[in-house]
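Participant: Got protein-v6.cif for you, mmCIF, C-alpha atoms:
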```cif
data_final
loop_
_atom_site.label_atom_id
_atom_site.label_comp_id
_atom_site.auth_asym_id
_atom_site.auth_seq_id
_atom_site.Cartn_x
_atom_site.Cartn_y
_atom_site.Cartn_z
CA MET C 1 -1.87 -27.25 7.37
CA ALA C 2 -1.79 -27.03 11.16
CA VAL C 3 0.25 -24.45 13.02
CA ASN C 4 3.39 -25.60 14.79
CA THR C 5 2.83 -25.20 18.52
CA GLU C 6 6.25 -26.36 19.74
CA ALA C 7 7.22 -22.87 20.91
CA VAL C 8 4.30 -22.60 23.37
CA GLY C 9 5.76 -21.96 26.82
CA LYS C 10 9.15 -20.92 25.47
CA GLU C 11 10.83 -18.01 27.25
CA TRP C 12 13.47 -15.80 25.69
CA PRO C 13 16.29 -13.97 27.49
CA ALA C 14 15.26 -10.87 29.41
CA ALA C 15 16.41 -7.52 28.03
CA THR C 16 17.06 -4.42 30.13
CA TYR C 17 16.30 -0.88 28.95
CA GLN C 18 17.29 2.29 30.75
CA ALA C 19 14.62 4.99 30.47
CA SER C 20 15.95 8.50 29.81
CA ARG C 21 14.40 11.96 29.86
CA ALA C 22 15.30 12.41 26.19
CA LYS C 23 13.49 9.27 24.97
CA ILE C 24 10.49 9.92 27.21
CA ALA C 25 10.19 13.49 25.86
CA GLU C 26 10.65 12.33 22.26
CA TYR C 27 7.95 9.67 22.65
CA ALA C 28 5.54 12.00 24.47
CA ASN C 29 5.99 14.64 21.75
CA VAL C 30 5.27 12.20 18.94
CA ILE C 31 2.06 10.88 20.49
CA GLY C 32 0.91 14.40 21.41
CA ALA C 33 1.04 13.97 25.20
CA GLU C 34 1.44 17.52 26.51
CA ASN C 35 1.29 16.95 30.27
CA PRO C 36 4.45 18.65 31.68
CA VAL C 37 5.12 15.61 33.92
CA HIS C 38 6.60 13.98 30.79
CA PHE C 39 9.04 16.86 30.13
CA ASP C 40 9.76 18.80 33.28
CA LYS C 41 11.31 17.30 36.40
CA ASP C 42 9.82 19.91 38.74
CA ALA C 43 6.32 19.29 37.36
CA ALA C 44 6.85 15.54 37.77
CA LEU C 45 8.08 15.93 41.37
CA ALA C 46 5.16 18.24 42.18
CA ALA C 47 2.78 15.55 40.91
CA GLY C 48 4.40 12.97 43.19
CA PHE C 49 6.67 11.18 40.71
CA ARG C 50 10.33 10.36 41.41
CA GLU C 51 11.48 11.90 38.08
CA VAL C 52 10.08 12.77 34.66
CA VAL C 53 7.49 10.04 34.04
CA ALA C 54 6.77 8.14 30.82
CA PRO C 55 3.30 8.02 29.25
CA PRO C 56 1.80 4.54 29.83
CA MET C 57 2.21 3.47 26.18
CA PHE C 58 5.99 4.11 26.43
CA CYS C 59 5.91 0.43 27.46
CA VAL C 60 6.23 -0.44 23.77
CA VAL C 61 9.63 1.31 23.72
CA TYR C 62 11.16 -0.49 26.68
CA SER C 63 9.56 -3.85 25.78
CA ALA C 64 10.76 -3.82 22.17
CA PRO C 65 14.36 -5.02 22.75
CA ALA C 66 13.01 -8.15 24.47
CA MET C 67 10.08 -8.80 22.11
CA GLY C 68 12.03 -8.62 18.84
CA PRO C 69 13.92 -11.92 19.24
CA ALA C 70 10.75 -13.72 20.41
CA ILE C 71 8.67 -12.61 17.43
CA LEU C 72 11.51 -13.25 14.95
CA ASP C 73 12.43 -16.71 16.37
CA PRO C 74 12.40 -19.31 13.54
CA GLU C 75 11.12 -21.86 16.07
CA VAL C 76 7.91 -19.79 16.31
CA GLY C 77 7.96 -19.68 12.53
CA MET C 78 5.56 -16.86 11.71
CA ASN C 79 5.17 -15.98 8.04
CA PHE C 80 5.83 -12.23 8.27
CA ALA C 81 4.51 -11.49 4.77
CA ALA C 82 1.04 -12.62 5.93
CA MET C 83 1.23 -11.34 9.52
CA VAL C 84 -0.72 -8.53 11.16
CA HIS C 85 -0.69 -7.24 14.72
CA GLY C 86 -4.17 -8.44 15.72
CA SER C 87 -4.62 -7.31 19.29
CA GLN C 88 -2.78 -5.94 22.26
CA GLU C 89 -3.35 -5.63 25.96
CA PHE C 90 -1.32 -3.85 28.62
CA GLU C 91 -1.86 -3.88 32.35
CA TRP C 92 0.17 -1.24 34.17
CA GLY C 93 1.77 -1.32 37.60
CA GLU C 94 4.36 1.12 38.94
CA PRO C 95 4.97 4.18 36.71
CA VAL C 96 8.23 4.25 34.70
CA CYS C 97 10.43 7.30 35.33
CA SER C 98 13.64 8.58 33.77
CA GLY C 99 16.60 6.64 35.16
CA ASP C 100 14.61 3.44 35.75
CA GLU C 101 16.10 0.18 34.51
CA ILE C 102 13.30 -1.92 33.09
CA THR C 103 13.83 -5.63 32.52
CA THR C 104 11.38 -7.38 30.20
CA THR C 105 10.96 -11.14 29.87
CA PRO C 106 9.03 -12.51 26.88
CA ARG C 107 7.20 -15.82 26.77
CA CYS C 108 5.07 -17.58 24.17
CA LEU C 109 1.65 -17.97 25.77
CA GLU C 110 -0.25 -19.84 23.06
CA ILE C 111 -0.32 -20.70 19.38
CA TYR C 112 -3.54 -21.89 17.77
CA GLU C 113 -5.42 -22.01 14.52
CA LYS C 114 -8.87 -20.60 13.91
CA ASP C 115 -10.71 -20.05 10.62
CA GLY C 116 -7.56 -20.74 8.60
CA LYS C 117 -5.54 -18.18 10.52
CA GLY C 118 -2.70 -18.76 12.96
CA PHE C 119 -2.85 -16.88 16.29
CA TYR C 120 0.50 -16.36 18.02
CA VAL C 121 0.16 -14.95 21.52
CA PHE C 122 3.14 -13.64 23.48
CA GLU C 123 3.30 -12.31 27.00
CA SER C 124 5.82 -9.80 28.30
CA THR C 125 6.49 -9.03 31.92
CA SER C 126 8.46 -5.90 32.75
CA VAL C 127 9.89 -5.06 36.17
CA ASN C 128 11.89 -2.08 37.39
CA GLN C 129 15.23 -2.03 39.26
CA ASP C 130 13.37 -2.63 42.56
CA GLY C 131 11.62 -5.72 41.21
CA GLU C 132 8.23 -3.95 40.98
CA GLN C 133 6.11 -4.89 37.99
CA VAL C 134 5.62 -1.94 35.65
CA VAL C 135 3.65 -3.62 32.88
CA ARG C 136 2.38 -6.94 31.67
CA GLY C 137 1.68 -7.12 27.94
CA THR C 138 -0.23 -9.62 25.81
CA TRP C 139 0.72 -9.38 22.13
CA THR C 140 -1.34 -11.26 19.52
CA ASN C 141 -0.11 -11.62 15.96
CA ILE C 142 -2.37 -13.13 13.31
CA VAL C 143 -1.00 -14.94 10.26
CA ARG C 144 -3.35 -15.47 7.33
CA GLY C 145 -3.41 -18.72 5.36
CA VAL C 146 -1.61 -21.11 7.72
CA MET A 1 -17.95 9.37 35.84
CA GLU A 2 -21.02 7.16 35.69
CA SER A 3 -22.15 4.32 33.50
CA GLY A 4 -23.29 5.69 30.13
CA ASP A 5 -21.12 8.84 30.32
CA GLN A 6 -18.85 9.68 27.41
CA ILE A 7 -15.26 10.71 28.09
CA PRO A 8 -14.17 13.81 26.11
CA GLU A 9 -13.57 12.94 22.48
CA LEU A 10 -9.95 13.13 21.30
CA ARG A 11 -9.27 14.32 17.74
CA VAL A 12 -5.84 14.27 16.15
CA THR A 13 -4.61 14.35 12.55
CA PRO A 14 -1.22 12.64 12.12
CA ASP A 15 0.75 14.53 9.47
CA LYS A 16 2.49 12.92 6.50
CA TYR A 17 5.74 12.35 8.40
CA LEU A 18 4.23 11.27 11.73
CA PRO A 19 4.90 7.56 11.00
CA HIS A 20 8.58 8.40 10.48
CA ARG A 21 8.82 10.25 13.78
CA TYR A 22 6.90 7.48 15.54
CA ALA A 23 9.34 4.94 14.02
CA GLY A 24 12.23 6.90 15.49
CA ALA A 25 10.60 7.27 18.89
CA SER A 26 9.48 3.63 19.13
CA GLY A 27 12.18 1.80 17.18
CA ASP A 28 9.64 0.17 14.82
CA PHE A 29 10.98 0.83 11.32
CA ASN A 30 8.82 -1.73 9.47
CA PRO A 31 8.79 -0.28 5.90
CA ILE A 32 4.99 -0.66 5.59
CA HIS A 33 4.81 2.35 7.94
CA ILE A 34 7.41 4.61 6.36
CA ASP A 35 7.83 3.69 2.69
CA PRO A 36 4.73 4.28 0.50
CA GLU A 37 6.26 2.41 -2.47
CA PHE A 38 7.08 -0.64 -0.36
CA ALA A 39 3.59 -0.54 1.17
CA LYS A 40 1.95 -0.44 -2.29
CA ALA A 41 4.16 -3.30 -3.49
CA VAL A 42 2.74 -5.50 -0.70
CA GLY A 43 -0.86 -4.57 -1.52
CA LEU A 44 -1.53 -1.70 0.86
CA PRO A 45 -3.02 1.61 -0.30
CA GLY A 46 0.06 3.46 1.00
CA ASN A 47 2.18 3.58 4.13
CA ILE A 48 -0.02 2.91 7.15
CA LEU A 49 0.00 4.18 10.72
CA HIS A 50 1.60 2.03 13.42
CA GLY A 51 -1.24 0.30 15.28
CA LEU A 52 0.53 1.07 18.55
CA TYR A 53 0.48 4.80 17.68
CA SER A 54 -3.30 4.60 17.31
CA MET A 55 -3.46 2.64 20.57
CA ALA A 56 -1.43 5.44 22.21
CA GLN A 57 -4.14 7.91 21.12
CA VAL A 58 -6.79 5.76 22.84
CA ALA A 59 -4.58 5.69 25.95
CA ARG A 60 -4.09 9.48 25.79
CA ALA A 61 -7.84 10.14 25.51
CA HIS A 62 -8.20 8.31 28.83
CA THR A 63 -5.22 9.78 30.70
CA GLU A 64 -6.25 13.30 29.61
CA ALA A 65 -9.83 12.68 30.74
CA ALA A 66 -8.55 11.52 34.13
CA GLY A 67 -5.76 14.17 34.25
CA ASP A 68 -3.03 11.76 35.38
CA PRO A 69 -0.91 9.20 33.48
CA ARG A 70 -1.13 6.87 36.52
CA SER A 71 -4.90 6.59 36.11
CA LEU A 72 -4.72 4.17 33.17
CA ARG A 73 -4.51 0.65 34.66
CA ARG A 74 -5.32 -1.53 31.67
CA LEU A 75 -6.03 -1.17 27.96
CA SER A 76 -6.90 -3.92 25.54
CA VAL A 77 -7.54 -3.31 21.85
CA GLN A 78 -8.10 -5.05 18.55
CA PHE A 79 -6.44 -3.60 15.45
CA ARG A 80 -8.70 -3.89 12.40
CA GLY A 81 -8.97 -1.31 9.62
CA MET A 82 -5.58 0.18 8.79
CA GLY A 83 -4.89 3.78 9.78
CA ALA A 84 -3.58 6.29 7.27
CA PRO A 85 -1.55 9.46 7.77
CA GLU A 86 -3.17 12.83 6.99
CA GLN A 87 -6.64 11.67 8.11
CA GLU A 88 -8.22 12.72 11.37
CA ILE A 89 -8.44 10.08 14.12
CA VAL A 90 -11.39 10.36 16.50
CA VAL A 91 -11.23 8.46 19.79
CA THR A 92 -14.49 7.96 21.65
CA ALA A 93 -15.22 6.08 24.86
CA THR A 94 -18.33 5.29 26.89
CA VAL A 95 -18.25 4.34 30.55
CA LYS A 96 -19.75 0.88 31.01
CA GLU A 97 -18.87 0.24 34.67
CA ALA A 98 -18.09 2.66 37.47
CA ASP A 99 -17.66 1.71 41.11
CA ASP A 100 -15.26 2.39 44.00
CA GLY A 101 -12.91 4.58 41.99
CA ARG A 102 -12.67 2.07 39.15
CA VAL A 103 -14.03 3.02 35.74
CA VAL A 104 -14.21 0.69 32.72
CA THR A 105 -14.89 2.12 29.27
CA GLU A 106 -15.75 0.69 25.91
CA THR A 107 -13.64 2.65 23.46
CA LYS A 108 -12.68 2.89 19.78
CA ALA A 109 -10.66 4.94 17.31
CA ALA A 110 -11.89 5.72 13.80
CA GLN A 111 -10.88 7.65 10.70
CA GLY A 112 -14.24 8.52 9.12
CA ASP A 113 -16.12 5.21 8.77
CA ASN A 114 -12.93 3.17 9.12
CA ARG A 115 -12.70 1.89 12.68
CA ILE A 116 -8.98 1.35 13.18
CA ILE A 117 -9.29 0.23 16.81
CA ARG A 118 -12.36 -1.61 17.94
CA ASN A 119 -13.59 -3.88 20.72
CA ALA A 120 -11.32 -1.96 23.03
CA GLU A 121 -11.67 -1.70 26.78
CA ALA A 122 -9.88 0.62 29.18
CA GLU A 123 -9.75 0.54 32.95
CA LEU A 124 -9.09 3.72 34.91
CA ALA A 125 -8.43 4.32 38.58
CA VAL A 126 -10.03 7.68 39.39
#
```
Would you mind writing the file's structure down as structure tokens?
Facilitator:
Amino acid sequence: MAVNTEAVGKEWPAATYQASRAKIAEYANVIGAENPVHFDKDAALAAGFREVVAPPMFCVVYSAPAMGPAILDPEVGMNFAAMVHGSQEFEWGEPVCSGDEITTTPRCLEIYEKDGKGFYVFESTSVNQDGEQVVRGTWTNIVRGV
Amino acid sequence: MESGDQIPELRVTPDKYLPHRYAGASGDFNPIHIDPEFAKAVGLPGNILHGLYSMAQVARAHTEAAGDPRSLRRLSVQFRGMGAPEQEIVVTATVKEADDGRVVTETKAAQGDNRIIRNAEAELAV
């Protein structure tokens, strides 16, 4: 059975996330990032940031509200019972600081079949309130037995 | 940093409840990460680590080596073996290109012989 590729090129509505000191600190604590620039405004300012700064991988937190509807879209039609997160790439731009409003737009980049598996590749582009790109993500989910 | 150099190894052991705290911090409450019974019912050995948590450890090894969260410009990983709580994760990375303040590493994360992140590449601005 071939994979349905109709969703290739589809974009979903952008979602905006406001970064806060509390969520940045919670995330940094959980991943074990101890650099005070993630917790202390004075340390962040001294290091040249505008405010407490998020660790780079905080991008998964502010991207999630936009990516959920894309991945769950019935038009994409992934079989979640047989799905794994296969690979992930992030390319970072401007740092994300507390108070920033980050808007993420998801798009389906490609869907293809290889060795009996379906590959579903999504791209996310996140910009801050000044229109500067903060991250571009490439999310690849693999579905066995398509 | 020069080609062939290793960046300092990062070792971390996620405790039993780390996946629950990571779920809260990230918003990813997929039960395969937080409910051992659900995980076993779908054929897993137990609840498994979030792949993006393991990826965050690879990112942290690099930002700590460079001393600045801004230094990490790009990270691409493949998730393969599944990570388990209560087992030590070891992140290693070898510099494969270094020129004009740009460093590219080949990196991985493993729990014992189980490589949970492989074929990974990081780019640092140093």
Participant: Using all atoms listed in the file, determine which residues lie at most 9 Å from Arg11 (chain A), disregarding the query and same-chain residues fewer than 6 positions distant; provide the list as a list in words.
Facilitator: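 After dropping sequence-adjacent residues, the list is Gln57, Ala61, Glu88, Ile89, Val90 and Val91 of chain A.
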Participant: Would you write out those residues with C-alpha atoms, as a PDB file, in the coordinates of the input?
Facilitator:
```
ATOM      1  CA  GLN A  57      -4.140   7.910  21.120  1.00  0.00           C
ATOM      2  CA  ALA A  61      -7.840  10.140  25.510  1.00  0.00           C
ATOM      3  CA  GLU A  88      -8.220  12.720  11.370  1.00  0.00           C
ATOM      4  CA  ILE A  89      -8.440  10.080  14.120  1.00  0.00           C
ATOM      5  CA  VAL A  90     -11.390  10.360  16.500  1.00  0.00           C
ATOM      6  CA  VAL A  91     -11.230   8.460  19.790  1.00  0.00           C
TER       7      VAL A  91
END
```
Participant: Please identify every residue of region 88-137 of chain C that has at least one atom no farther than 12 Å from an atom of region 38-48 of chain C, counting all atoms listed in the file, and for each give the shortest atom pair and the distance in Å to one decimal, arranged by chain then increasing number, as JSON lines.
Facilitator:
```
{"residue": "C:Pro95", "atom": "CA", "partner": "C:Gly48", "partner_atom": "CA", "distance": 10.9}
{"residue": "C:Val96", "atom": "CA", "partner": "C:His38", "partner_atom": "CA", "distance": 10.6}
{"residue": "C:Cys97", "atom": "CA", "partner": "C:His38", "partner_atom": "CA", "distance": 8.9}
{"residue": "C:Ser98", "atom": "CA", "partner": "C:His38", "partner_atom": "CA", "distance": 9.4}
{"residue": "C:Gly99", "atom": "CA", "partner": "C:Lys41", "partner_atom": "CA", "distance": 12.0}
```
Participant: Tell me, in Å to one decimal, how far CA of Ile111 (chain C) is from CA of Val8 (chain C).
Facilitator: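 A separation of 6.4 Å between them.
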Participant: Could the residues of chain C within 9 Å of chain A, counting only C-alpha atoms, be given as a short mmCIF file (atom, residue, chain, number, x, y, z; two decimals) with C-alpha atoms, in the frame of the given file, please?
Facilitator:
```cif
data_model
loop_
_atom_site.label_atom_id
_atom_site.label_comp_id
_atom_site.auth_asym_id
_atom_site.auth_seq_id
_atom_site.Cartn_x
_atom_site.Cartn_y
_atom_site.Cartn_z
CA LYS C 23 13.49 9.27 24.97
CA ILE C 24 10.49 9.92 27.21
CA GLU C 26 10.65 12.33 22.26
CA TYR C 27 7.95 9.67 22.65
CA ALA C 28 5.54 12.00 24.47
CA VAL C 30 5.27 12.20 18.94
CA ILE C 31 2.06 10.88 20.49
CA GLY C 32 0.91 14.40 21.41
CA ALA C 33 1.04 13.97 25.20
CA ASN C 35 1.29 16.95 30.27
CA VAL C 37 5.12 15.61 33.92
CA ALA C 47 2.78 15.55 40.91
CA VAL C 53 7.49 10.04 34.04
CA ALA C 54 6.77 8.14 30.82
CA PRO C 55 3.30 8.02 29.25
CA PRO C 56 1.80 4.54 29.83
CA MET C 57 2.21 3.47 26.18
CA PHE C 58 5.99 4.11 26.43
CA VAL C 60 6.23 -0.44 23.77
CA VAL C 61 9.63 1.31 23.72
CA TYR C 62 11.16 -0.49 26.68
CA ALA C 64 10.76 -3.82 22.17
CA ALA C 81 4.51 -11.49 4.77
CA VAL C 84 -0.72 -8.53 11.16
CA HIS C 85 -0.69 -7.24 14.72
CA GLY C 86 -4.17 -8.44 15.72
CA SER C 87 -4.62 -7.31 19.29
CA GLN C 88 -2.78 -5.94 22.26
CA GLU C 89 -3.35 -5.63 25.96
CA PHE C 90 -1.32 -3.85 28.62
CA GLU C 91 -1.86 -3.88 32.35
CA TRP C 92 0.17 -1.24 34.17
CA GLY C 93 1.77 -1.32 37.60
CA GLU C 94 4.36 1.12 38.94
CA PRO C 95 4.97 4.18 36.71
CA THR C 138 -0.23 -9.62 25.81
#
```
Participant: Fewer than 4 positions away in the same chain doesn't count, so skip those; otherwise give me all residues within 8 Å of region 2-5 of chain C, counting all atoms listed in the file, as a PyMOL selection string.
Facilitator: chain C and resi 76-77+110-113+118+146
Participant: Pull C-alpha atoms from the residues just selected and write them as a compact mmCIF listing (two decimals), in the frame of the given file.
Facilitator:
```
# COMPACT_ATOMS: atom_id res chain seq x y z
CA VAL C 76 7.91 -19.79 16.31
CA GLY C 77 7.96 -19.68 12.53
CA GLU C 110 -0.25 -19.84 23.06
CA ILE C 111 -0.32 -20.70 19.38
CA TYR C 112 -3.54 -21.89 17.77
CA GLU C 113 -5.42 -22.01 14.52
CA GLY C 118 -2.70 -18.76 12.96
CA VAL C 146 -1.61 -21.11 7.72
```
Participant: Please evaluate the PyMOL selection byres ((chain A and resi 34) around 7) against the structure above and give the resulting residues as a ChimeraX atom specification.
Facilitator: /A:19-20,31-33,35-36,47
Participant: Mind giving me the straight-line distance from CA of Asn128 (chain C) to CA of Gly68 (chain C) in Å, one decimal?
Facilitator: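 Result for CA of Asn128 (chain C) versus CA of Gly68 (chain C): 19.7 Å, one decimal.
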Participant: How many Å lie between CA of Pro45 (chain A) and CA of Met78 (chain C), rounded to one decimal?
Facilitator: 23.6 Å
Participant: Can you translate the PyMOL selection byres ((chain C and resi 105) around 8) into the concrete residues it hits in this file, as number ranges by chain?
Facilitator: C: 11-15, 66, 103-104, 106-107, 124-126
Participant: Of the residues C:Cys59, C:Asn29, C:Met83, C:Pro65, which is the one nearest to Gly137 (chain C), using all atoms listed in the file?
Facilitator: C:Cys59
Participant: Check which residues satisfy the PyMOL selection byres ((chain A and resi 95-103) around 9) in the file shown, then give them as an mmCIF file with C-alpha atoms, in the coordinates of the input.
Facilitator:
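For reference, result_6.cif as written:
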```
data_model
loop_
_atom_site.group_PDB
_atom_site.id
_atom_site.type_symbol
_atom_site.label_atom_id
_atom_site.label_comp_id
_atom_site.auth_asym_id
_atom_site.auth_seq_id
_atom_site.Cartn_x
_atom_site.Cartn_y
_atom_site.Cartn_z
ATOM 1 C CA MET A 1 -17.950 9.370 35.840
ATOM 2 C CA GLU A 2 -21.020 7.160 35.690
ATOM 3 C CA SER A 3 -22.150 4.320 33.500
ATOM 4 C CA GLY A 4 -23.290 5.690 30.130
ATOM 5 C CA ASP A 5 -21.120 8.840 30.320
ATOM 6 C CA GLN A 6 -18.850 9.680 27.410
ATOM 7 C CA ILE A 7 -15.260 10.710 28.090
ATOM 8 C CA ALA A 93 -15.220 6.080 24.860
ATOM 9 C CA THR A 94 -18.330 5.290 26.890
ATOM 10 C CA VAL A 104 -14.210 0.690 32.720
ATOM 11 C CA THR A 105 -14.890 2.120 29.270
ATOM 12 C CA GLU A 106 -15.750 0.690 25.910
ATOM 13 C CA THR A 107 -13.640 2.650 23.460
ATOM 14 C CA ALA A 122 -9.880 0.620 29.180
ATOM 15 C CA GLU A 123 -9.750 0.540 32.950
ATOM 16 C CA LEU A 124 -9.090 3.720 34.910
ATOM 17 C CA ALA A 125 -8.430 4.320 38.580
ATOM 18 C CA VAL A 126 -10.030 7.680 39.390
#
```
Participant: Kindly write C-alpha atoms of region 3-46 of chain A from the structure just given to a file, as a PDB file, in the first residue's frame.
Facilitator:
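Saved result, out-v5.pdb, follows:
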```
ATOM      1  CA  SER A   3      39.556  18.197  13.962  1.00  0.00           C
ATOM      2  CA  GLY A   4      39.820  14.933  15.910  1.00  0.00           C
ATOM      3  CA  ASP A   5      39.380  16.580  19.340  1.00  0.00           C
ATOM      4  CA  GLN A   6      36.763  15.214  21.710  1.00  0.00           C
ATOM      5  CA  ILE A   7      34.446  17.619  23.505  1.00  0.00           C
ATOM      6  CA  PRO A   8      34.080  16.868  27.256  1.00  0.00           C
ATOM      7  CA  GLU A   9      31.880  13.833  27.797  1.00  0.00           C
ATOM      8  CA  LEU A  10      28.504  14.510  29.441  1.00  0.00           C
ATOM      9  CA  ARG A  11      27.109  11.891  31.845  1.00  0.00           C
ATOM     10  CA  VAL A  12      23.641  12.083  33.342  1.00  0.00           C
ATOM     11  CA  THR A  13      21.326   9.521  34.929  1.00  0.00           C
ATOM     12  CA  PRO A  14      17.642  10.455  34.558  1.00  0.00           C
ATOM     13  CA  ASP A  15      15.796   9.332  37.686  1.00  0.00           C
ATOM     14  CA  LYS A  16      12.586   7.302  37.709  1.00  0.00           C
ATOM     15  CA  TYR A  17      10.341  10.376  37.586  1.00  0.00           C
ATOM     16  CA  LEU A  18      12.387  12.430  35.106  1.00  0.00           C
ATOM     17  CA  PRO A  19      10.032  11.544  32.205  1.00  0.00           C
ATOM     18  CA  HIS A  20       7.116  12.911  34.241  1.00  0.00           C
ATOM     19  CA  ARG A  21       8.905  16.184  34.935  1.00  0.00           C
ATOM     20  CA  TYR A  22      10.008  16.416  31.305  1.00  0.00           C
ATOM     21  CA  ALA A  23       6.379  15.839  30.238  1.00  0.00           C
ATOM     22  CA  GLY A  24       5.317  18.756  32.422  1.00  0.00           C
ATOM     23  CA  ALA A  25       8.084  21.030  31.188  1.00  0.00           C
ATOM     24  CA  SER A  26       7.608  20.168  27.500  1.00  0.00           C
ATOM     25  CA  GLY A  27       3.887  19.441  27.284  1.00  0.00           C
ATOM     26  CA  ASP A  28       4.458  15.960  25.791  1.00  0.00           C
ATOM     27  CA  PHE A  29       2.320  13.616  27.897  1.00  0.00           C
ATOM     28  CA  ASN A  30       2.378  10.616  25.531  1.00  0.00           C
ATOM     29  CA  PRO A  31       1.684   7.705  27.949  1.00  0.00           C
ATOM     30  CA  ILE A  32       4.567   5.616  26.550  1.00  0.00           C
ATOM     31  CA  HIS A  33       6.827   8.037  28.458  1.00  0.00           C
ATOM     32  CA  ILE A  34       5.017   8.202  31.781  1.00  0.00           C
ATOM     33  CA  ASP A  35       2.921   5.052  32.240  1.00  0.00           C
ATOM     34  CA  PRO A  36       4.938   1.789  32.518  1.00  0.00           C
ATOM     35  CA  GLU A  37       1.797  -0.373  32.239  1.00  0.00           C
ATOM     36  CA  PHE A  38       0.638   1.382  29.080  1.00  0.00           C
ATOM     37  CA  ALA A  39       4.155   1.130  27.633  1.00  0.00           C
ATOM     38  CA  LYS A  40       4.276  -2.638  28.312  1.00  0.00           C
ATOM     39  CA  ALA A  41       0.818  -3.095  26.796  1.00  0.00           C
ATOM     40  CA  VAL A  42       2.127  -1.649  23.501  1.00  0.00           C
ATOM     41  CA  GLY A  43       5.201  -3.890  23.502  1.00  0.00           C
ATOM     42  CA  LEU A  44       7.827  -1.685  25.131  1.00  0.00           C
ATOM     43  CA  PRO A  45      10.001  -2.887  28.019  1.00  0.00           C
ATOM     44  CA  GLY A  46       8.674  -0.056  30.209  1.00  0.00           C
TER      45      GLY A  46
END
```
